[in-house]
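Student: This is the structure I want to talk about, given as structure tokens.
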Amino acid sequence: MSTIPVMPSYTETPPSNVPLHRPICQQLRQHYETVRHQHMRDMFAQDPQRFERFSLQLGDLLLDYSKNRITAETMRLLVKLAEEADIAGWRDKMFNGEKINNTENRAVLHVALRNLSEHPVWVDGVDVMPGVRAVIDKMAVFAGQVREGAWRGYSGKRITDVVNIGIGGSDLGPQMVYQALKPYRHPELKVHFISNVDGTHAEEILETLDPETTLFIISSKTFTTQETMTNAFYAREWFLQHAQSACHIARHFVAVSTNREAVAAFGIDVAQMFEFWDWVGGRYSLWSAIGLSIVLAIGHEHFMALLQGAHDMDEHFRHAPFAQNMPVIMALLGIWYNNFFGAESQVILPYDHYLRSLPMYLEQADMESNGKSVDRNGQMVDYATGSIVWGASGINGQHAFYQLIHQGTKLIPADFIVSMQSHSSLQSHHDILVANFLAQTEALMRGRTLAETQSGAGEQSYLPQKVFAGNHPSNALLLKRLTPHALGMLLAAYEHKIFVQGIIWNLNSFDQWGVELGKQLAKQILPELSVHDAVTTHDASTNGLINYYHRWRKAS
Ligand code: G6Q
């Protein structure tokens, strides 16, 4: 039974490096006191095997975590922390379909969506795998027809454009994967994504499209999300203005949802609905029918390779010992900085143009999952939980925000994600890209001492400004090539990293009550925007802003 949490006073400094209450944390804290004074430059000098010791290769994915402020003892203690938190037990509960999302009484089974083994997965005594396979088959058949031109628009023309209308988890994943796997796309089928309820988003996209050759996917788990439904109704209206008859909707609108009734009420035949289930969380749903736009773009076989990559990572996560377990290691390093060094954020730096949306995707995956201050038992936590996750294309960031990572006052652990082989034929461009990634991780780790600065060719003035302390931690995640399989592995590694951290922090990573309040208030405020009289029912600021909007709304 949950108890009412004691609300924290936000005038106090929020928890940053308050230790976790696990027995091993006492030792970890003592250990931290020695490690915090050590410089990675010296650690590398003392141990020529450091790269071999602290790197892990899994298929076409290499994790080098040697440029972290850790020793062998750090990893030993952190692995004990994972054991004490019973990561293995919770992991098994997840894979076995137990309802670990306690506040919504749901299983958490995105892993079942990519379970390419023969093993059943049970939820409430029912094996979910036949249903999962049936939807994959249905997507394959439909996507095949559209891609081959067998599925035609109402006037007989082939489909050239697909528009995914969805938001949050029903948008960010498919959009990121569509961008990442550009080289695998069908040459004559473009996918567009409408998420924003700012009307310019829908207008800008639709004005470039021909209703006779456009297919809409309305992607919404609930089929009630205000932004998505507003855009979906607008798209239907736009389409009907041209097509004139509602009987043509069947060739141009399909739905991805768990809500049959709402899909039917919208006017889409449920035979054209691609189903998924309440045990798939929105931000974990790209592997489900929410990935329909991906299947249309890259085809069934490449989609299966994406699932296979994720499944391979799932198997690794399930079976590898913690000390050689990629997601577990990534999670423990995050805990080390978050809960012992007091780091507040983590930066994601892809060195691959096609992965430029990955930071945004991981922002949601991580922060919506672990951005919580009440634990799974309803108690207020007194330690730091989810990090602020941010980032952008690494090479562009070098010319923008890296200054703060190198010489600011914050400790910001970085994940560098790099493809060894480019999809571009411009090898010399790629060499420059890789050289920059290497230079940055080396510079972050080594820094530049006063002596090195003095002996440099540059001016001898302003030496304090030119010295770099270094000792900034980073991981390097190297993909041999950005293929569907490698992308599947990478994304699943991050998902499990988030899971492990959530367990260590004793959180339910799979609910998101924090997003509900804003949604409810927006629904209350909406009718107030079009009334004639001044609004007085809110606080002075909100009233003032609503009434200011009234003025300009009338004027426009
Ligand atoms: C994800 C979140 C959220 C959700 C969107 C869209 O985990 O719950 O981002 O995906 O709010 O919801 P619908 O798919 O129900 O429209």
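For the structure tokens, the naming scheme is as follows: chains receive sequential letters (A, B, ...) according to their order of presentation, residues are indexed from 1 within each chain, and ligands are indexed from 1 in presentation order.
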Can you tell me, as a PyMOL selection string, what residues are no more than 8 Å from region 288-301 of chain A when counting only C-alpha atoms, ignoring any on the same chain fewer than 2 positions away?
Tutor: chain A and resi 110+113+135-136+139-140+143-144+146-147+162+164+170+173-174+177-178+181+184-186+189-191+217+219+256+274-276+280+285-286+303-305
Student: For region 90-103 of chain A, list every protein, DNA or RNA residue within 7 Å, evaluated using only C-alpha atoms, and leave out those in the same chain fewer than 3 positions away; present the list as number ranges by chain.
Tutor: A: 86-87, 106-109, 111, 121-123, 508, 510-511
Student: Could you please write out, as a PyMOL selection string, every residue of region 97-337 of chain A that DSSP assigns to helix (DSSP H, G or I)?
Tutor: chain A and resi 110-113+129-148+168-170+172-180+182-184+199-206+211-213+226-243+246-252+260-266+270-272+282-284+289-319+322-324+326-337
Student: Within 10 Å of ligand 1, which residues of chain A show up? Give each one with its shortest atom-to-atom distance in Å (one decimal) and the two atoms involved, counting only C-alpha atoms and all ligand atoms, rows by chain then rising residue number, as a Markdown table.
Tutor:
| residue | atom | partner | partner_atom_place_in_ligand_line | distance |
| --- | --- | --- | --- | --- |
| A:Ile165 | CA | ligand 1 | 16 (O) | 9.2 |
| A:Gly166 | CA | ligand 1 | 16 (O) | 6.1 |
| A:Ile167 | CA | ligand 1 | 6 (C) | 5.0 |
| A:Gly168 | CA | ligand 1 | 9 (O) | 3.4 |
| A:Gly169 | CA | ligand 1 | 10 (O) | 3.3 |
| A:Ser170 | CA | ligand 1 | 14 (O) | 4.9 |
| A:Asp171 | CA | ligand 1 | 10 (O) | 7.6 |
| A:Leu172 | CA | ligand 1 | 9 (O) | 8.4 |
| A:Gly173 | CA | ligand 1 | 10 (O) | 9.7 |
| A:Ser195 | CA | ligand 1 | 6 (C) | 9.5 |
| A:Ile218 | CA | ligand 1 | 16 (O) | 9.0 |
| A:Ser219 | CA | ligand 1 | 14 (O) | 6.3 |
| A:Ser220 | CA | ligand 1 | 14 (O) | 3.4 |
| A:Lys221 | CA | ligand 1 | 14 (O) | 3.7 |
| A:Thr222 | CA | ligand 1 | 15 (O) | 3.8 |
| A:Phe223 | CA | ligand 1 | 16 (O) | 5.6 |
| A:Thr224 | CA | ligand 1 | 16 (O) | 6.4 |
| A:Thr225 | CA | ligand 1 | 16 (O) | 4.6 |
| A:Gln226 | CA | ligand 1 | 16 (O) | 8.0 |
| A:Glu227 | CA | ligand 1 | 16 (O) | 8.1 |
| A:Thr228 | CA | ligand 1 | 16 (O) | 6.3 |
| A:Met229 | CA | ligand 1 | 16 (O) | 8.2 |
| A:Val256 | CA | ligand 1 | 14 (O) | 8.7 |
| A:Ser257 | CA | ligand 1 | 14 (O) | 7.4 |
| A:Thr258 | CA | ligand 1 | 15 (O) | 8.6 |
| A:Asn259 | CA | ligand 1 | 15 (O) | 9.2 |
| A:Val280 | CA | ligand 1 | 7 (O) | 8.8 |
| A:Gly281 | CA | ligand 1 | 7 (O) | 5.2 |
| A:Gly282 | CA | ligand 1 | 7 (O) | 3.5 |
| A:Arg283 | CA | ligand 1 | 7 (O) | 3.8 |
| A:Tyr284 | CA | ligand 1 | 7 (O) | 6.7 |
| A:Ser285 | CA | ligand 1 | 7 (O) | 8.1 |
| A:Ile290 | CA | ligand 1 | 14 (O) | 8.5 |
| A:Gln364 | CA | ligand 1 | 9 (O) | 7.4 |
| A:Ala365 | CA | ligand 1 | 7 (O) | 7.5 |
| A:Glu368 | CA | ligand 1 | 7 (O) | 6.9 |
| A:Ser369 | CA | ligand 1 | 7 (O) | 7.8 |
| A:Ser509 | CA | ligand 1 | 7 (O) | 9.9 |
| A:Phe510 | CA | ligand 1 | 7 (O) | 7.5 |
| A:Asp511 | CA | ligand 1 | 8 (O) | 7.5 |
| A:Gln512 | CA | ligand 1 | 8 (O) | 6.3 |
| A:Trp513 | CA | ligand 1 | 8 (O) | 9.0 |
| A:Val515 | CA | ligand 1 | 8 (O) | 7.9 |
| A:Glu516 | CA | ligand 1 | 11 (O) | 9.1 |
| A:Lys519 | CA | ligand 1 | 11 (O) | 9.3 |
Student: May I have the residues within 7 Å of region 36-41 of chain A as a list in words, using only C-alpha atoms and disregarding those fewer than 6 positions away in the same chain?
Tutor: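 My reading of the contact set: Lys67, Arg69, Met445, Arg446 and Asn471 of chain A.
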Student: Apply DSSP to the structure's backbone, then extract all residues of region 176-379 of chain A labelled strand (DSSP E or B) and return them as a ChimeraX atom specification.
Tutor: /A:190-194,214-219,253-257,273-275,345-351,374
Student: May I have the residues from that selection written out with C-alpha atoms, as a tab-separated table (two decimals), in the first residue's frame?
Tutor:
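Output saved as out-v3.tsv:
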chain	number	residue	atom	x	y	z
A	190	LYS	CA	8.67	9.52	-48.68
A	191	VAL	CA	7.53	9.58	-45.06
A	192	HIS	CA	6.55	12.81	-43.31
A	193	PHE	CA	5.83	13.29	-39.63
A	194	ILE	CA	3.24	15.68	-38.20
A	214	THR	CA	-0.89	10.31	-49.84
A	215	LEU	CA	-1.44	7.71	-47.14
A	216	PHE	CA	-2.03	8.80	-43.53
A	217	ILE	CA	-1.10	6.72	-40.52
A	218	ILE	CA	-2.85	7.96	-37.40
A	219	SER	CA	-0.53	6.70	-34.67
A	253	PHE	CA	-6.13	6.31	-43.76
A	254	VAL	CA	-4.90	3.56	-41.48
A	255	ALA	CA	-4.57	3.59	-37.71
A	256	VAL	CA	-2.09	2.28	-35.18
A	257	SER	CA	-3.69	2.05	-31.78
A	273	MET	CA	-6.03	-0.81	-37.68
A	274	PHE	CA	-2.63	-2.16	-36.65
A	275	GLU	CA	-2.93	-3.25	-33.11
A	345	SER	CA	23.35	15.93	-16.85
A	346	GLN	CA	24.53	13.57	-19.50
A	347	VAL	CA	25.29	14.57	-23.06
A	348	ILE	CA	24.69	12.41	-26.15
A	349	LEU	CA	27.00	13.23	-29.04
A	350	PRO	CA	26.45	11.33	-32.29
A	351	TYR	CA	29.20	11.59	-34.89
A	374	VAL	CA	8.68	9.43	-5.80
Student: May I ask which of the residues A:Ser66, A:Gln46, A:Thr483, A:Gln440 is the closest one to His399 (chain A), counting only C-alpha atoms?
Tutor: A:Gln440
Student: Each residue of region 67-138 of chain A lying at most 12 Å from region 338-344 of chain A should get a row with its shortest atom-to-atom pair and the distance in Å to one decimal, counting only C-alpha atoms; could you produce that, ordered by chain and increasing number, as JSON lines?
Tutor:
{"residue": "A:Arg69", "atom": "CA", "partner": "A:Phe341", "partner_atom": "CA", "distance": 10.0}
{"residue": "A:Ile70", "atom": "CA", "partner": "A:Phe341", "partner_atom": "CA", "distance": 11.7}
{"residue": "A:Thr74", "atom": "CA", "partner": "A:Phe340", "partner_atom": "CA", "distance": 11.5}
{"residue": "A:Leu78", "atom": "CA", "partner": "A:Phe340", "partner_atom": "CA", "distance": 11.4}
Student: Could you take the residues named above and write them with C-alpha atoms, as a PDB file, in the first residue's frame?
Tutor:
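Dumped everything to again-v8.pdb:
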ATOM      1  CA  ARG A  69      36.966   8.034 -13.664  1.00  0.00           C
ATOM      2  CA  ILE A  70      37.002   4.439 -12.552  1.00  0.00           C
ATOM      3  CA  THR A  74      35.084   0.970  -8.821  1.00  0.00           C
ATOM      4  CA  LEU A  78      29.315  -0.935  -8.811  1.00  0.00           C
TER       5      LEU A  78
END
